[in-house]
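Below: structure_17.cif (mmCIF, C-alpha atoms and all ligand atoms)
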data_data
loop_
_atom_site.label_atom_id
_atom_site.label_comp_id
_atom_site.auth_asym_id
_atom_site.auth_seq_id
_atom_site.Cartn_x
_atom_site.Cartn_y
_atom_site.Cartn_z
CA MET G 1 17.87 -29.08 6.03
CA THR G 2 19.03 -27.50 2.78
CA HIS G 3 17.33 -24.54 1.17
CA ALA G 4 16.27 -26.76 -1.74
CA GLU G 5 14.54 -29.16 0.69
CA LEU G 6 12.71 -26.27 2.37
CA TRP G 7 11.48 -25.07 -1.04
CA GLU G 8 10.21 -28.56 -1.90
CA ARG G 9 8.36 -28.78 1.41
CA HIS G 10 6.82 -25.37 0.79
CA LYS G 11 5.55 -26.41 -2.63
CA ALA G 12 4.09 -29.64 -1.26
CA VAL G 13 2.00 -28.01 1.45
CA MET G 14 1.30 -24.39 0.41
CA PRO G 15 -1.17 -23.26 -2.29
CA ASN G 16 0.33 -22.84 -5.73
CA TRP G 17 -1.34 -19.43 -6.16
CA LEU G 18 0.80 -17.85 -3.43
CA ALA G 19 2.68 -15.04 -5.17
CA LEU G 20 6.38 -15.48 -4.33
CA TYR G 21 9.37 -13.49 -5.55
CA TYR G 22 12.19 -15.15 -7.55
CA ASP G 23 12.35 -18.57 -9.20
CA GLU G 24 14.16 -19.74 -6.07
CA PRO G 25 12.52 -17.81 -3.20
CA ILE G 26 14.78 -17.06 -0.25
CA GLU G 27 14.14 -17.58 3.45
CA ILE G 28 14.83 -14.50 5.55
CA VAL G 29 16.09 -15.43 8.99
CA SER G 30 17.24 -12.17 10.59
CA GLY G 31 17.33 -8.44 10.14
CA SER G 32 18.92 -5.30 11.48
CA GLY G 33 18.40 -1.70 10.38
CA ARG G 34 17.49 -1.86 6.71
CA ARG G 35 19.30 -5.15 6.09
CA VAL G 36 18.11 -8.75 6.20
CA THR G 37 19.99 -12.04 6.03
CA ASP G 38 18.85 -15.21 4.30
CA GLY G 39 19.14 -18.81 5.51
CA GLU G 40 22.42 -19.20 3.69
CA GLY G 41 24.03 -16.16 5.31
CA LYS G 42 23.73 -13.73 2.40
CA GLU G 43 22.90 -10.15 3.39
CA TYR G 44 20.56 -7.85 1.46
CA LEU G 45 19.51 -4.24 1.64
CA ASP G 46 15.72 -4.54 1.89
CA PHE G 47 14.27 -2.04 -0.57
CA PHE G 48 10.72 -3.27 -0.11
CA ALA G 49 10.53 -3.12 3.70
CA GLY G 50 8.98 -6.60 3.90
CA ILE G 51 5.96 -5.58 1.84
CA LEU G 52 5.98 -2.01 3.17
CA THR G 53 5.28 -3.71 6.48
CA ASN G 54 8.57 -2.95 8.20
CA ALA G 55 8.11 0.80 7.86
CA ILE G 56 10.99 1.60 10.21
CA GLY G 57 13.28 -1.37 9.67
CA TYR G 58 14.47 -4.32 11.72
CA ASP G 59 15.49 -4.88 15.30
CA ILE G 60 14.33 -1.48 16.54
CA ALA G 61 14.88 -1.39 20.30
CA GLU G 62 11.96 0.98 21.01
CA ILE G 63 9.49 -1.44 19.44
CA SER G 64 10.99 -4.70 20.74
CA ASP G 65 11.22 -3.23 24.27
CA ALA G 66 7.61 -2.01 24.25
CA VAL G 67 6.32 -5.41 23.10
CA ARG G 68 8.55 -7.31 25.54
CA GLU G 69 7.29 -5.15 28.40
CA GLN G 70 3.70 -5.78 27.35
CA LEU G 71 4.32 -9.54 27.25
CA ALA G 72 6.13 -9.47 30.59
CA SER G 73 3.13 -7.79 32.23
CA GLY G 74 1.15 -10.92 31.45
CA ILE G 75 -1.37 -8.96 29.40
CA ALA G 76 -1.20 -11.12 26.36
CA HIS G 77 -4.84 -11.76 27.24
CA THR G 78 -6.38 -11.50 23.80
CA SER G 79 -9.92 -10.40 23.34
CA THR G 80 -11.57 -7.18 22.42
CA VAL G 81 -14.54 -7.37 24.80
CA TYR G 82 -12.73 -5.48 27.57
CA LEU G 83 -11.10 -2.06 27.66
CA ILE G 84 -7.56 -1.98 26.24
CA ARG G 85 -5.50 1.03 27.24
CA ARG G 86 -3.03 0.84 24.33
CA GLN G 87 -5.84 0.44 21.84
CA ILE G 88 -7.56 3.57 23.12
CA GLU G 89 -4.31 5.59 23.07
CA LEU G 90 -3.54 4.42 19.54
CA ALA G 91 -7.06 5.21 18.32
CA GLU G 92 -6.86 8.71 19.83
CA LYS G 93 -3.57 9.34 18.02
CA ILE G 94 -4.81 8.02 14.67
CA ALA G 95 -8.07 9.97 14.96
CA GLU G 96 -6.07 13.15 15.61
CA LEU G 97 -3.65 12.50 12.73
CA SER G 98 -6.46 11.63 10.30
CA GLY G 99 -7.72 15.19 9.88
CA ILE G 100 -11.23 13.70 9.72
CA PRO G 101 -13.50 15.76 11.99
CA ASP G 102 -15.00 13.88 14.93
CA ALA G 103 -13.16 10.68 13.92
CA LYS G 104 -13.51 7.19 15.39
CA VAL G 105 -11.29 4.15 14.76
CA PHE G 106 -12.03 0.45 14.30
CA PHE G 107 -9.09 -1.97 14.46
CA ALA G 108 -8.66 -5.13 12.39
CA ASN G 109 -5.64 -7.28 11.53
CA SER G 110 -4.88 -6.55 7.89
CA GLY G 111 -5.55 -4.29 4.95
CA THR G 112 -8.12 -6.71 3.60
CA GLU G 113 -10.10 -6.67 6.82
CA ALA G 114 -9.82 -2.90 7.06
CA ASN G 115 -11.30 -2.51 3.57
CA GLU G 116 -14.00 -5.11 4.27
CA ALA G 117 -14.99 -3.11 7.36
CA ALA G 118 -15.05 0.15 5.38
CA LEU G 119 -17.20 -1.46 2.66
CA LEU G 120 -19.57 -2.78 5.30
CA LEU G 121 -19.88 0.67 6.88
CA ALA G 122 -20.47 2.46 3.59
CA THR G 123 -22.90 -0.03 2.07
CA GLN G 124 -24.91 -0.30 5.31
CA ASN G 125 -24.90 3.45 5.78
CA ARG G 126 -26.20 4.08 2.27
CA ARG G 127 -28.33 0.90 2.05
CA SER G 128 -26.75 0.15 -1.34
CA ASN G 129 -24.20 -2.37 -2.53
CA GLN G 130 -23.09 -0.25 -5.49
CA VAL G 131 -19.43 0.72 -5.27
CA LEU G 132 -17.04 2.62 -7.51
CA ALA G 133 -13.39 1.56 -7.62
CA MET G 134 -10.45 2.44 -9.83
CA ARG G 135 -9.16 0.34 -12.70
CA ASN G 136 -5.85 -1.36 -11.83
CA SER G 137 -6.65 -1.17 -8.09
CA TYR G 138 -5.88 -3.73 -5.37
CA HIS G 139 -7.80 -3.78 -2.09
CA GLY G 140 -7.37 -7.26 -0.63
CA ARG G 141 -8.08 -10.95 -1.01
CA ALA G 142 -11.44 -11.58 0.72
CA PHE G 143 -14.76 -11.87 -1.11
CA GLY G 144 -15.70 -8.18 -1.05
CA THR G 145 -12.21 -6.76 -1.51
CA VAL G 146 -11.38 -9.09 -4.41
CA ALA G 147 -14.59 -7.84 -6.02
CA ILE G 148 -13.53 -4.19 -5.84
CA THR G 149 -10.01 -4.99 -7.08
CA GLY G 150 -9.76 -3.69 -10.64
CA ASN G 151 -6.51 -5.48 -11.53
CA ARG G 152 -7.12 -8.66 -13.48
CA GLY G 153 -4.02 -10.37 -12.11
CA TRP G 154 -5.46 -10.30 -8.59
CA SER G 155 -9.20 -10.38 -9.04
CA ALA G 156 -11.95 -12.85 -9.82
CA SER G 157 -14.56 -10.13 -9.83
CA SER G 158 -17.06 -11.99 -12.01
CA LEU G 159 -18.03 -13.70 -8.73
CA SER G 160 -18.69 -10.37 -7.08
CA PRO G 161 -21.00 -9.88 -4.06
CA VAL G 162 -20.71 -6.13 -4.72
CA ASN G 163 -22.08 -4.23 -7.69
CA VAL G 164 -18.89 -2.49 -8.80
CA GLN G 165 -17.94 -0.15 -11.65
CA TYR G 166 -14.32 0.72 -12.36
CA VAL G 167 -13.23 4.27 -13.07
CA GLN G 168 -10.40 5.63 -15.20
CA GLY G 169 -7.54 7.84 -14.05
CA ALA G 170 -5.11 6.26 -11.58
CA TYR G 171 -2.69 4.66 -14.07
CA ARG G 172 -1.80 7.66 -16.18
CA TYR G 173 1.20 6.08 -17.95
CA ARG G 174 -1.07 3.55 -19.69
CA SER G 175 -4.08 5.81 -20.09
CA PRO G 176 -5.18 7.02 -23.54
CA PHE G 177 -4.98 10.55 -22.07
CA ARG G 178 -1.45 10.28 -20.68
CA ASP G 179 0.09 13.10 -22.71
CA MET G 180 -2.55 15.66 -21.81
CA PRO G 181 -1.62 18.51 -19.48
CA ASP G 182 -2.70 17.83 -15.88
CA ALA G 183 -5.77 20.07 -15.96
CA GLU G 184 -7.13 18.44 -19.13
CA TYR G 185 -6.34 14.94 -17.85
CA ILE G 186 -8.23 15.73 -14.64
CA LYS G 187 -11.17 17.03 -16.65
CA VAL G 188 -11.52 13.99 -18.94
CA CYS G 189 -11.22 11.56 -16.00
CA THR G 190 -13.75 13.53 -13.95
CA ASP G 191 -16.17 13.68 -16.91
CA ASP G 192 -15.72 9.91 -17.21
CA LEU G 193 -16.53 9.42 -13.52
CA ARG G 194 -19.75 11.39 -13.97
CA ASN G 195 -20.55 9.35 -17.06
CA VAL G 196 -19.98 6.06 -15.20
CA ILE G 197 -22.31 7.17 -12.40
CA GLU G 198 -25.03 8.42 -14.73
CA THR G 199 -24.95 5.67 -17.33
CA THR G 200 -23.92 2.47 -15.53
CA THR G 201 -25.40 2.74 -12.03
CA SER G 202 -28.91 3.25 -10.72
CA GLY G 203 -27.69 6.47 -9.10
CA ASP G 204 -27.63 5.34 -5.49
CA VAL G 205 -23.94 4.41 -5.25
CA ALA G 206 -22.72 3.88 -1.67
CA CYS G 207 -19.06 4.77 -1.97
CA MET G 208 -15.97 5.14 -4.05
CA ILE G 209 -12.74 3.53 -2.85
CA LEU G 210 -9.31 4.43 -4.20
CA GLU G 211 -5.60 4.17 -3.44
CA PRO G 212 -3.94 7.63 -3.66
CA ILE G 213 -0.94 5.86 -5.26
CA GLN G 214 -1.81 2.34 -6.41
CA GLY G 215 0.39 -0.22 -4.69
CA VAL G 216 0.11 -3.65 -6.30
CA GLY G 217 -0.84 -1.82 -9.53
CA GLY G 218 2.76 -0.61 -9.85
CA PHE G 219 2.81 2.61 -7.80
CA ALA G 220 0.61 4.15 -10.49
CA SER G 221 0.17 7.82 -9.65
CA PRO G 222 -2.49 10.25 -10.89
CA PRO G 223 -1.78 13.99 -10.97
CA ASP G 224 -2.33 15.84 -7.69
CA GLY G 225 -5.82 17.28 -7.57
CA LEU G 226 -7.57 14.48 -9.51
CA TYR G 227 -9.30 13.19 -6.41
CA ALA G 228 -10.39 16.68 -5.33
CA ALA G 229 -12.20 16.95 -8.66
CA PHE G 230 -13.66 13.45 -8.09
CA LYS G 231 -14.81 14.44 -4.59
CA GLU G 232 -16.88 17.34 -5.98
CA VAL G 233 -18.75 14.90 -8.23
CA LEU G 234 -19.14 12.34 -5.43
CA ASP G 235 -20.58 15.02 -3.14
CA GLU G 236 -23.15 15.96 -5.77
CA TYR G 237 -24.41 12.36 -5.79
CA GLY G 238 -24.04 11.75 -2.05
CA ILE G 239 -21.34 9.08 -2.58
CA LEU G 240 -18.89 8.44 0.27
CA LEU G 241 -15.14 8.55 -0.40
CA ILE G 242 -12.87 5.91 1.15
CA SER G 243 -9.12 6.38 0.80
CA ASP G 244 -7.22 3.10 1.01
CA GLU G 245 -4.02 4.23 2.75
CA VAL G 246 -2.69 0.73 3.34
CA GLN G 247 0.48 1.56 1.37
CA THR G 248 0.42 5.36 1.28
CA GLY G 249 -0.14 6.12 4.96
CA TRP G 250 2.29 7.06 7.76
CA GLY G 251 4.27 9.64 5.77
CA ARG G 252 5.70 7.21 3.24
CA THR G 253 4.93 9.54 0.32
CA GLY G 254 7.14 12.20 1.91
CA GLU G 255 4.99 15.25 1.16
CA HIS G 256 2.07 14.27 3.33
CA PHE G 257 1.19 11.95 6.18
CA TRP G 258 -1.68 10.41 4.16
CA GLY G 259 -1.49 9.97 0.39
CA ILE G 260 -4.92 11.51 -0.20
CA GLN G 261 -3.69 14.82 1.25
CA ALA G 262 -1.83 15.42 -2.05
CA HIS G 263 -5.32 16.05 -3.46
CA ASP G 264 -6.36 18.42 -0.72
CA VAL G 265 -9.31 16.25 0.16
CA VAL G 266 -10.66 14.97 3.45
CA PRO G 267 -12.27 11.58 2.77
CA ASP G 268 -15.18 10.13 4.72
CA ALA G 269 -13.02 7.19 5.79
CA MET G 270 -9.46 5.96 5.47
CA THR G 271 -8.21 2.41 5.80
CA PHE G 272 -4.72 1.51 7.00
CA ALA G 273 -2.49 -1.50 7.79
CA LYS G 274 0.99 -2.64 6.66
CA GLY G 275 3.60 -0.27 8.16
CA LEU G 276 1.70 0.62 11.33
CA GLY G 277 2.80 -2.43 13.32
CA ASN G 278 6.34 -2.54 11.85
CA GLY G 279 5.79 -6.27 11.34
CA PHE G 280 2.99 -6.94 13.84
CA ALA G 281 -0.38 -7.56 12.18
CA ILE G 282 -2.71 -4.61 12.52
CA GLY G 283 -5.09 -2.70 10.27
CA GLY G 284 -8.13 -0.53 10.66
CA VAL G 285 -10.56 2.14 9.56
CA VAL G 286 -10.78 5.75 10.67
CA ALA G 287 -14.04 7.47 9.80
CA ARG G 288 -16.40 10.24 10.78
CA ALA G 289 -18.32 9.22 13.91
CA SER G 290 -21.65 9.52 12.08
CA LEU G 291 -20.45 6.92 9.56
CA MET G 292 -18.58 4.71 12.03
CA ASP G 293 -21.54 4.57 14.43
CA SER G 294 -24.10 3.82 11.73
CA LEU G 295 -23.80 0.01 11.85
CA SER G 296 -26.91 -1.36 13.47
CA ALA G 297 -25.76 -4.97 14.00
CA ASN G 298 -23.13 -6.02 16.55
CA SER G 299 -19.61 -6.30 15.25
CA LEU G 300 -16.13 -6.89 16.64
CA SER G 301 -12.81 -8.37 15.66
CA THR G 302 -11.43 -11.02 18.03
CA PHE G 303 -7.82 -10.09 17.35
CA GLY G 304 -8.20 -6.59 15.90
CA GLY G 305 -6.66 -4.07 18.29
CA ASN G 306 -5.31 -6.64 20.72
CA PRO G 307 -2.83 -5.49 23.41
CA ILE G 308 0.30 -6.79 21.66
CA SER G 309 -0.35 -5.42 18.18
CA THR G 310 -1.55 -2.05 19.47
CA THR G 311 1.53 -1.79 21.69
CA ALA G 312 3.78 -2.43 18.69
CA ALA G 313 1.75 0.01 16.60
CA LYS G 314 1.83 2.78 19.19
CA ALA G 315 5.62 2.38 19.53
CA THR G 316 6.00 2.44 15.73
CA LEU G 317 3.85 5.53 15.34
CA ASP G 318 5.71 7.35 18.12
CA TYR G 319 9.03 6.45 16.47
CA LEU G 320 7.84 7.61 13.06
CA LEU G 321 6.71 10.96 14.46
CA ASP G 322 9.61 11.53 16.89
CA HIS G 323 12.18 10.93 14.13
CA ASP G 324 10.17 12.80 11.48
CA LEU G 325 10.51 9.90 9.07
CA GLN G 326 8.12 11.59 6.67
CA ALA G 327 10.81 14.26 6.08
CA ASN G 328 13.43 11.54 5.64
CA ALA G 329 11.19 9.78 3.10
CA ALA G 330 10.96 13.04 1.13
CA LYS G 331 14.76 13.56 1.17
CA ARG G 332 15.81 10.02 0.32
CA GLY G 333 13.01 9.79 -2.24
CA ALA G 334 14.34 12.87 -4.05
CA GLN G 335 17.83 11.32 -4.10
CA LEU G 336 16.44 8.08 -5.53
CA VAL G 337 14.36 9.82 -8.20
CA ASP G 338 17.44 11.77 -9.35
CA GLY G 339 19.44 8.55 -9.61
CA LEU G 340 16.65 6.67 -11.39
CA ARG G 341 16.16 9.50 -13.91
CA GLY G 342 19.90 9.30 -14.62
CA ILE G 343 19.57 5.57 -15.30
CA ALA G 344 16.52 6.23 -17.52
CA GLU G 345 18.60 8.58 -19.69
CA GLU G 346 21.00 5.75 -20.41
CA TYR G 347 18.50 2.89 -20.58
CA PRO G 348 15.32 3.49 -22.63
CA GLU G 349 14.01 0.23 -21.11
CA LEU G 350 13.28 2.34 -18.02
CA GLY G 351 10.10 3.82 -19.48
CA ASP G 352 8.65 5.64 -16.50
CA VAL G 353 9.95 6.72 -13.10
CA ARG G 354 7.08 7.69 -10.80
CA GLY G 355 5.80 7.82 -7.26
CA LYS G 356 6.50 9.97 -4.26
CA GLY G 357 8.79 9.86 -1.24
CA LEU G 358 9.86 6.28 -0.58
CA MET G 359 7.19 4.76 -2.80
CA LEU G 360 8.88 4.80 -6.20
CA ALA G 361 8.41 2.75 -9.33
CA ALA G 362 10.46 2.01 -12.42
CA GLU G 363 8.28 0.73 -15.27
CA ILE G 364 10.25 -1.52 -17.62
CA VAL G 365 9.36 -1.44 -21.31
CA ASN G 366 10.50 -2.57 -24.69
CA ALA G 367 12.95 0.17 -25.67
CA GLY G 368 11.33 2.03 -28.54
CA ASP G 369 7.66 1.14 -28.29
CA ALA G 370 6.88 1.23 -24.52
CA LYS G 371 5.34 -2.28 -24.55
CA PRO G 372 5.50 -3.83 -21.05
CA ASP G 373 8.53 -6.12 -20.69
CA PRO G 374 7.92 -8.50 -17.76
CA ALA G 375 10.86 -10.76 -18.70
CA LYS G 376 13.40 -7.92 -18.42
CA THR G 377 11.71 -6.78 -15.22
CA ALA G 378 12.14 -10.24 -13.67
CA LYS G 379 15.77 -10.28 -14.82
CA LEU G 380 16.46 -6.88 -13.27
CA GLN G 381 14.85 -7.95 -9.99
CA GLN G 382 16.98 -11.11 -9.98
CA GLU G 383 20.20 -9.24 -10.90
CA ALA G 384 19.57 -6.76 -8.08
CA LYS G 385 19.04 -9.62 -5.67
CA ASN G 386 22.28 -11.31 -6.79
CA ARG G 387 24.03 -8.02 -5.91
CA GLY G 388 22.38 -7.79 -2.47
CA LEU G 389 19.31 -5.62 -3.11
CA LEU G 390 15.71 -6.80 -2.61
CA ILE G 391 13.15 -4.83 -4.61
CA GLY G 392 9.47 -5.36 -5.25
CA LYS G 393 7.82 -6.19 -8.54
CA GLY G 394 4.24 -5.59 -9.63
CA GLY G 395 2.00 -3.74 -12.03
CA LEU G 396 -0.80 -4.96 -14.24
CA TYR G 397 1.69 -6.60 -16.62
CA GLY G 398 4.32 -7.59 -14.02
CA ASN G 399 6.70 -5.04 -15.52
CA VAL G 400 7.15 -2.56 -12.67
CA LEU G 401 10.00 -2.56 -10.17
CA ARG G 402 8.76 -1.17 -6.88
CA MET G 403 10.98 0.50 -4.32
CA ALA G 404 9.68 1.14 -0.81
CA PRO G 405 12.53 0.73 1.68
CA PRO G 406 12.17 1.32 5.42
CA MET G 407 11.65 5.03 6.02
CA THR G 408 14.81 5.19 8.14
CA LEU G 409 16.90 4.72 4.96
CA THR G 410 20.23 6.60 5.00
CA GLU G 411 21.97 8.60 2.27
CA ASP G 412 24.74 5.99 1.93
CA GLU G 413 22.26 3.15 1.61
CA THR G 414 20.43 5.09 -1.10
CA THR G 415 23.69 5.56 -3.02
CA GLU G 416 24.49 1.86 -2.58
CA ALA G 417 21.07 0.83 -3.94
CA LEU G 418 21.39 3.13 -6.95
CA GLU G 419 24.80 1.63 -7.78
CA ILE G 420 23.34 -1.88 -7.64
CA LEU G 421 20.40 -0.82 -9.81
CA ARG G 422 22.72 0.78 -12.37
CA ASP G 423 24.88 -2.39 -12.48
CA SER G 424 21.72 -4.51 -12.86
CA PHE G 425 20.56 -2.39 -15.82
CA GLY G 426 24.07 -2.89 -17.23
CA THR G 427 23.31 -6.62 -17.64
CA LEU G 428 20.63 -5.74 -20.23
CA ARG G 429 23.44 -4.91 -22.72
N1 LIG W 1 -5.02 -2.32 0.19
C1 LIG W 1 -3.86 -2.07 -0.42
C2 LIG W 1 -3.66 -0.74 -1.08
C3 LIG W 1 -2.83 -3.03 -0.43
O1 LIG W 1 -1.68 -2.77 -1.04
C4 LIG W 1 -3.06 -4.26 0.23
C5 LIG W 1 -2.00 -5.31 0.25
O2 LIG W 1 -1.06 -5.29 -0.48
C6 LIG W 1 -4.28 -4.49 0.84
C7 LIG W 1 -5.24 -3.49 0.81
C8 LIG W 1 -4.55 -5.78 1.54
O3 LIG W 1 -3.81 -5.82 2.69
P1 LIG W 1 -3.49 -7.22 3.42
O4 LIG W 1 -2.59 -7.97 2.51
O5 LIG W 1 -2.85 -6.79 4.71
O6 LIG W 1 -4.78 -7.90 3.65
#

Write the structure described by the file as structure tokens, please.
Amino acid sequence: MTHAELWERHKAVMPNWLALYYDEPIEIVSGSGRRVTDGEGKEYLDFFAGILTNAIGYDIAEISDAVREQLASGIAHTSTVYLIRRQIELAEKIAELSGIPDAKVFFANSGTEANEAALLLATQNRRSNQVLAMRNSYHGRAFGTVAITGNRGWSASSLSPVNVQYVQGAYRYRSPFRDMPDAEYIKVCTDDLRNVIETTTSGDVACMILEPIQGVGGFASPPDGLYAAFKEVLDEYGILLISDEVQTGWGRTGEHFWGIQAHDVVPDAMTFAKGLGNGFAIGGVVARASLMDSLSANSLSTFGGNPISTTAAKATLDYLLDHDLQANAAKRGAQLVDGLRGIAEEYPELGDVRGKGLMLAAEIVNAGDAKPDPAKTAKLQQEAKNRGLLIGKGGLYGNVLRMAPPMTLTEDETTEALEILRDSFGTLR
């Protein structure tokens, strides 16, 4: 079967709202290290790590061996109504790493489910369905998580089951306050949060949910400390803080293991998914025991925390920690930022370079007036692909290139990617 036939079959049977990359999406058939190969034999450096899912890369013996061993033992028995050794070990490790005192962990299968579980906990705990979320946020694609998604491209929030208000501050580059010094920016956003609580809610808000660096929203990054200032206000009103670490967890931001730690804040709960299973589906919530145990109705997830996914996740987490991939993310991230800033000096179309560690964005604008330029962004993504580099795209206006390679990225691969990016920018002339 040709690639064109496969694409036709896809279109005939899959929903047309599935967000795919490229006019002619590729089929990835194999991978090794940080490289993947498509159905026609072309090799690419994967600078998006799946969708930040393959945190470590492809064909990692430690993970394949652990999963194979688990399968060989016959314990592919899948239910969560019995004790699961790997699940308990993984929960202990995540609870310890979370920094949340007296933490407990609930496992699900995705980021969406993790956030749904966190919303359920917070709204039940506070007996309120009022929630604060950030503008330009993305939290998932189920009924509750779509409602708290403050990015119009991904949300149909007029059908919301949650009473949600969106707060200013995460997307500084397109904020009216962007040129303020950090301290002033933090003050106006925090004043706005207080204003939103006092003037648009009845006062009994259950929780606020935020991404420390917004993922789908184009790796939009607020100044460090913003969420510490938010937390003080939330504490005054008894509002719980949930940090959505689906993209920012596991050391990807380089400086810290969890993105929220850049703000020197311990949230009431964190949600996680994506990179933890290095390709196996797993997500979850880690929260204070008093919050986690406050559900009064029965609940479980049939697949969440099953023996196979928790085995893959435990092996991934051990690998991440044993190889100190957080430190590698910091080093390679600094190299990439240097290179991207160099490109920005030559190409005013590269309006903003932002992010942390191996979670970096290049916002593409109309040279001169900073208007979003989604057409040039799509061209750059395509040109990079033609040259063997897969990068992500996103942002409210579809004008942000997103780079989040596997955290095992090497110095040579970073140099190679920067050369491809520079050549791709060269096609704009
Ligand atoms: N939260 C964040 C920050 C995300 O980036 C995503 C997915 O991109 C989700 C939640 C939803 O995760 P999933 O697609 O695994 O349901």

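Taking CA of Thr410 in chain G and CA of Ala344 in chain G as the two end points, the separation is 22.8 Å.
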
Handout entry: d(atom O6 of ligand LIG 1 (chain W), CA of Gly304 in chain G) in Å
Key = 12.8 Å

Exercise for the section: Let me have all residues with an atom within 7 Å of ligand LIG 1 (chain W), counting only C-alpha atoms and all ligand atoms, laid out as an MDAnalysis selection string. Expected result: chainID G and resid 110:113 115 138:141 211 214:216 244:247 273:274

Could you please take those selected residues and save C-alpha atoms as a CSV table (one decimal), in the frame of the given file?
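Final file, part-v5.csv:
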chain,number,residue,atom,x,y,z
G,110,SER,CA,-4.9,-6.6,7.9
G,111,GLY,CA,-5.6,-4.3,5.0
G,112,THR,CA,-8.1,-6.7,3.6
G,113,GLU,CA,-10.1,-6.7,6.8
G,115,ASN,CA,-11.3,-2.5,3.6
G,138,TYR,CA,-5.9,-3.7,-5.4
G,139,HIS,CA,-7.8,-3.8,-2.1
G,140,GLY,CA,-7.4,-7.3,-0.6
G,141,ARG,CA,-8.1,-11.0,-1.0
G,211,GLU,CA,-5.6,4.2,-3.4
G,214,GLN,CA,-1.8,2.3,-6.4
G,215,GLY,CA,0.4,-0.2,-4.7
G,216,VAL,CA,0.1,-3.6,-6.3
G,244,ASP,CA,-7.2,3.1,1.0
G,245,GLU,CA,-4.0,4.2,2.8
G,246,VAL,CA,-2.7,0.7,3.3
G,247,GLN,CA,0.5,1.6,1.4
G,273,ALA,CA,-2.5,-1.5,7.8
G,274,LYS,CA,1.0,-2.6,6.7

Practice task
Tell me which protein, DNA and RNA residues are within 12 Å of Glu232 in chain G, counting all atoms listed in the file, leaving out same-chain ones fewer than 6 positions away, and put them as a list in words.
Solution key: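 So the residues in contact are Thr190, Asp191, Leu193, Arg194, Gly225, Leu226, Gly238, Ile239, Leu240, Leu241, His263, Asp264, Val265, Val266 and Pro267 of chain G.
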
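Comparing the minimum interatomic distances between Ser301 in chain G and each of G:Glu363, G:Glu116, G:Asp179, G:Glu236, counting all atoms listed in the file, we find that G:Glu116 sits nearest.
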
Problem - Ref. answer, residues at most 12 Å from (-1.0, 5.5, 0.9) with all atoms listed in the file, as a PyMOL selection string - result: chain G and resi 52+111+139+210-216+219-221+242-262+270-276+355-359+404

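Residues in contact with Asn129 in chain G at up to 10 Å, not including ones fewer than 6 positions away on its chain and judged by only C-alpha atoms, are Leu119, Leu120, Ala122, Thr123, Pro161, Val162, Asn163, Val164, Asp204, Val205, Ala206 and Cys207 of chain G.
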